[in-house]
Amino acid sequence: LGVTRILEAIRNYSKKTKFYQASTSEMYGNIKSINQNELTAFHPVSPYAVSKLYAHWMVNLYREAYDLYCCSGILFNHESPLRGSEFVTKKIISDLASIKFGYLSNLSLGNIYSKRDWGYSEDYVEAMWMMLQQKRAEDFVISSGKTYTVKEFINKAAKYYGFNLIWQGKGLYEKAIDKNTKKIIVKIDKKYFRPTEVNFLFGNSVKAKKILKWAPKTNINQLIKKMCDYEISKYK
């Protein structure tokens with residue numbers, strides 16, 4: 001309800017205020033489409049995504065009904081060294097660093113085959129700012145336009161840290177072993193599986209590229225390097 005209350009305040013007291021809503025690709029849920037854009041139907045599968053969708057539609061309503069400058073950025077996963085430890089990318093990066101420096105034995109994860117469209121937060125914040133500089137408020141999908149599995153993300157981060165991973169087994173028994181040390185680096189733990197999982201997210205930000213003239217500057221390898229270097233600096 002926070003978004004609605006802010007929109008009400010703007011409507012009643014400050015109609016020239018511009019409002020940006022941080023919507024999320026999680027609103028798409030498990031929709032069956034090649035990629036997701038501003039016209040793709042929503043099918044949220046978590047309380048977080050449902051609440052975000054409510055706020056998203058309220059922004060649309062207030063824009064159309066009261067002519068307010070309010071817009072939603074439907075942002076796909078955007079990461080940085082400052083990402084919270086409860087997010088899978090940060091968990092992978094920080095736990096692998098702890099393993100590298102001898103403070104942790106292995107990394108435990110759930111579904112490593114879900115696919116995500118990952119970008120760099122700094123690039124995405126620039127897109128947010130651009131959305132608020134337009135003459136007319138509109139919603140935009142902001143994404144990297146590339147999708148990777150969690151497993152691929154692990155492999156890239158592990159390689160940067162100097163691990164040489166070999167994957168063995170299937171399902172809950174799948175694990176990654178460092179070829180150099182023969183130690184188990186990654187294990188699967190059923191406690192990390194969600195009741196309902198979003199298996200595939202792949203953003204189509206053609207509208208943002210056309211209208212905002214926006215495109216991501218940082219690819220996934222550069223993003224992982226930034227995140228890994230930040231973790232390494234802690235130990236140094």
# chains A, B, ... in the order shown; residues from 1 in each chain; ligands from 1
>>> residues_around(residues="Ser143 in chain A", least_positions_apart="5", cutoff="6 Å", atoms="only C-alpha atoms", output="PDB file with C-alpha atoms, in the first residue's frame")
ATOM      1  CA  PHE A  76      15.331  -7.537 -14.810  1.00  0.00           C
ATOM      2  CA  GLY A 203      14.045  -9.283 -21.139  1.00  0.00           C
ATOM      3  CA  SER A 205      14.275  -3.764 -23.874  1.00  0.00           C
TER       4      SER A 205
END
>>> select_by_dssp(residues="range 89-168 of chain A", states="helix (DSSP H, G or I)", output="ChimeraX atom specification")
/A:89-100,121-131,150-161
>>> write_last_selection(atoms="N, CA and C atoms", output="short mmCIF file (atom, residue, chain, number, x, y, z; two decimals), in the first residue's frame")
data_model
loop_
_atom_site.label_atom_id
_atom_site.label_comp_id
_atom_site.auth_asym_id
_atom_site.auth_seq_id
_atom_site.Cartn_x
_atom_site.Cartn_y
_atom_site.Cartn_z
N THR A 89 23.26 -14.31 -6.58
CA THR A 89 24.52 -13.88 -7.19
C THR A 89 25.55 -13.51 -6.12
N LYS A 90 25.09 -12.74 -5.14
CA LYS A 90 25.99 -12.32 -4.06
C LYS A 90 26.43 -13.53 -3.23
N LYS A 91 25.51 -14.45 -2.99
CA LYS A 91 25.84 -15.67 -2.25
C LYS A 91 26.93 -16.46 -2.98
N ILE A 92 26.77 -16.60 -4.29
CA ILE A 92 27.77 -17.32 -5.09
C ILE A 92 29.13 -16.64 -5.00
N ILE A 93 29.14 -15.34 -5.27
CA ILE A 93 30.39 -14.58 -5.30
C ILE A 93 31.08 -14.58 -3.94
N SER A 94 30.32 -14.30 -2.88
CA SER A 94 30.93 -14.18 -1.54
C SER A 94 31.33 -15.54 -0.99
N ASP A 95 30.51 -16.57 -1.21
CA ASP A 95 30.86 -17.90 -0.70
C ASP A 95 32.06 -18.50 -1.43
N LEU A 96 32.14 -18.27 -2.73
CA LEU A 96 33.32 -18.76 -3.46
C LEU A 96 34.59 -18.06 -2.98
N ALA A 97 34.47 -16.78 -2.65
CA ALA A 97 35.63 -16.06 -2.10
C ALA A 97 36.03 -16.65 -0.75
N SER A 98 35.03 -16.97 0.08
CA SER A 98 35.32 -17.57 1.39
C SER A 98 35.98 -18.94 1.24
N ILE A 99 35.57 -19.68 0.22
CA ILE A 99 36.20 -20.99 -0.06
C ILE A 99 37.64 -20.78 -0.52
N LYS A 100 37.82 -19.81 -1.40
CA LYS A 100 39.15 -19.52 -1.93
C LYS A 100 40.15 -19.17 -0.82
N SER A 121 23.80 -2.87 -11.93
CA SER A 121 22.91 -1.88 -11.32
C SER A 121 23.18 -0.45 -11.78
N GLU A 122 24.44 -0.10 -11.92
CA GLU A 122 24.78 1.28 -12.30
C GLU A 122 24.20 1.63 -13.66
N ASP A 123 24.24 0.69 -14.60
CA ASP A 123 23.64 0.90 -15.92
C ASP A 123 22.13 1.09 -15.80
N TYR A 124 21.51 0.30 -14.92
CA TYR A 124 20.06 0.31 -14.79
C TYR A 124 19.55 1.57 -14.09
N VAL A 125 20.32 2.08 -13.14
CA VAL A 125 19.95 3.34 -12.48
C VAL A 125 19.97 4.49 -13.49
N GLU A 126 20.89 4.43 -14.42
CA GLU A 126 20.92 5.44 -15.49
C GLU A 126 19.63 5.39 -16.30
N ALA A 127 19.14 4.17 -16.56
CA ALA A 127 17.87 4.03 -17.30
C ALA A 127 16.70 4.60 -16.50
N MET A 128 16.71 4.39 -15.18
CA MET A 128 15.66 4.96 -14.33
C MET A 128 15.62 6.49 -14.48
N TRP A 129 16.83 7.10 -14.40
CA TRP A 129 16.93 8.55 -14.53
C TRP A 129 16.41 9.02 -15.90
N MET A 130 16.78 8.28 -16.94
CA MET A 130 16.33 8.64 -18.30
C MET A 130 14.81 8.60 -18.42
N MET A 131 14.19 7.62 -17.75
CA MET A 131 12.73 7.50 -17.79
C MET A 131 12.05 8.75 -17.23
N VAL A 150 21.89 -20.25 -13.50
CA VAL A 150 22.66 -20.04 -12.27
C VAL A 150 23.97 -20.82 -12.36
N LYS A 151 23.91 -22.00 -12.96
CA LYS A 151 25.10 -22.83 -13.11
C LYS A 151 26.16 -22.13 -13.95
N GLU A 152 25.75 -21.48 -15.02
CA GLU A 152 26.69 -20.74 -15.87
C GLU A 152 27.31 -19.58 -15.09
N PHE A 153 26.50 -18.93 -14.26
CA PHE A 153 27.02 -17.84 -13.43
C PHE A 153 28.08 -18.37 -12.46
N ILE A 154 27.80 -19.52 -11.85
CA ILE A 154 28.77 -20.15 -10.94
C ILE A 154 30.08 -20.43 -11.67
N ASN A 155 29.98 -21.02 -12.86
CA ASN A 155 31.18 -21.37 -13.63
C ASN A 155 32.04 -20.15 -13.94
N LYS A 156 31.39 -19.06 -14.32
CA LYS A 156 32.12 -17.83 -14.65
C LYS A 156 32.83 -17.25 -13.42
N ALA A 157 32.09 -17.22 -12.29
CA ALA A 157 32.68 -16.68 -11.07
C ALA A 157 33.82 -17.57 -10.56
N ALA A 158 33.59 -18.89 -10.60
CA ALA A 158 34.60 -19.84 -10.13
C ALA A 158 35.88 -19.74 -10.96
N LYS A 159 35.72 -19.59 -12.26
CA LYS A 159 36.88 -19.45 -13.15
C LYS A 159 37.68 -18.20 -12.80
N TYR A 160 36.97 -17.10 -12.51
CA TYR A 160 37.67 -15.85 -12.17
C TYR A 160 38.48 -16.01 -10.89
N TYR A 161 37.96 -16.79 -9.95
CA TYR A 161 38.65 -17.04 -8.68
C TYR A 161 39.77 -18.07 -8.81
#
>>> atom_distance(atom1="CA of Met227 in chain A", atom2="CA of Leu104 in chain A")
18.2 Å
>>> closest_residue(among="A:Asp139, A:Ser46, A:Thr17, A:Val88", to="Val59 in chain A", atoms="only C-alpha atoms")
A:Asp139
>>> closest_residue(among="A:Val50, A:Cys228, A:Ile10, A:Val198", to="Ile31 in chain A", atoms="only C-alpha atoms")
A:Val198
>>> residues_around(residues="Leu223 in chain A", least_positions_apart="5", cutoff="10 Å", atoms="only C-alpha atoms", output="PDB file with N, CA and C atoms, in the first residue's frame")
ATOM      1  N   HIS A  78      19.370  -6.958 -11.615  1.00  0.00           N
ATOM      2  CA  HIS A  78      20.520  -6.056 -11.716  1.00  0.00           C
ATOM      3  C   HIS A  78      21.345  -6.185 -10.444  1.00  0.00           C
ATOM      4  N   GLU A  79      22.619  -6.430 -10.634  1.00  0.00           N
ATOM      5  CA  GLU A  79      23.524  -6.805  -9.550  1.00  0.00           C
ATOM      6  C   GLU A  79      24.656  -5.786  -9.421  1.00  0.00           C
ATOM      7  N   SER A  80      25.313  -5.826  -8.266  1.00  0.00           N
ATOM      8  CA  SER A  80      26.512  -5.017  -8.049  1.00  0.00           C
ATOM      9  C   SER A  80      27.230  -5.577  -6.830  1.00  0.00           C
ATOM     10  N   PRO A  81      28.427  -5.093  -6.533  1.00  0.00           N
ATOM     11  CA  PRO A  81      29.109  -5.532  -5.309  1.00  0.00           C
ATOM     12  C   PRO A  81      28.306  -5.263  -4.038  1.00  0.00           C
ATOM     13  N   TRP A 118      20.799 -11.055 -16.286  1.00  0.00           N
ATOM     14  CA  TRP A 118      21.529 -10.264 -15.296  1.00  0.00           C
ATOM     15  C   TRP A 118      22.221  -9.055 -15.908  1.00  0.00           C
ATOM     16  N   GLY A 119      22.102  -7.908 -15.247  1.00  0.00           N
ATOM     17  CA  GLY A 119      22.804  -6.706 -15.675  1.00  0.00           C
ATOM     18  C   GLY A 119      23.447  -6.008 -14.487  1.00  0.00           C
ATOM     19  N   TYR A 120      24.090  -4.883 -14.761  1.00  0.00           N
ATOM     20  CA  TYR A 120      24.819  -4.127 -13.742  1.00  0.00           C
ATOM     21  C   TYR A 120      23.944  -2.979 -13.235  1.00  0.00           C
ATOM     22  N   SER A 121      23.803  -2.865 -11.927  1.00  0.00           N
ATOM     23  CA  SER A 121      22.906  -1.880 -11.315  1.00  0.00           C
ATOM     24  C   SER A 121      23.177  -0.448 -11.780  1.00  0.00           C
ATOM     25  N   ALA A 157      32.089 -17.220 -12.291  1.00  0.00           N
ATOM     26  CA  ALA A 157      32.683 -16.677 -11.067  1.00  0.00           C
ATOM     27  C   ALA A 157      33.816 -17.571 -10.563  1.00  0.00           C
ATOM     28  N   THR A 218      27.665  -2.791 -19.486  1.00  0.00           N
ATOM     29  CA  THR A 218      28.453  -3.784 -18.751  1.00  0.00           C
ATOM     30  C   THR A 218      27.919  -5.184 -19.032  1.00  0.00           C
ATOM     31  N   CYS A 228      33.527  -9.909  -7.893  1.00  0.00           N
ATOM     32  CA  CYS A 228      34.614 -10.736  -7.342  1.00  0.00           C
ATOM     33  C   CYS A 228      35.735  -9.869  -6.765  1.00  0.00           C
TER      34      CYS A 228
END
>>> select_by_dssp(residues="range 109-224 of chain A", states="strand (DSSP E or B)", output="JSON, numbers by chain")
{"A": [109, 115, 116, 119, 120, 140, 141, 142, 148, 149, 165, 166, 167, 168, 175, 176, 177, 178, 184, 185, 186, 187, 188, 200, 203]}
>>> atom_distance(atom1="CA of Leu109 in chain A", atom2="CA of Thr149 in chain A")
12.8 Å
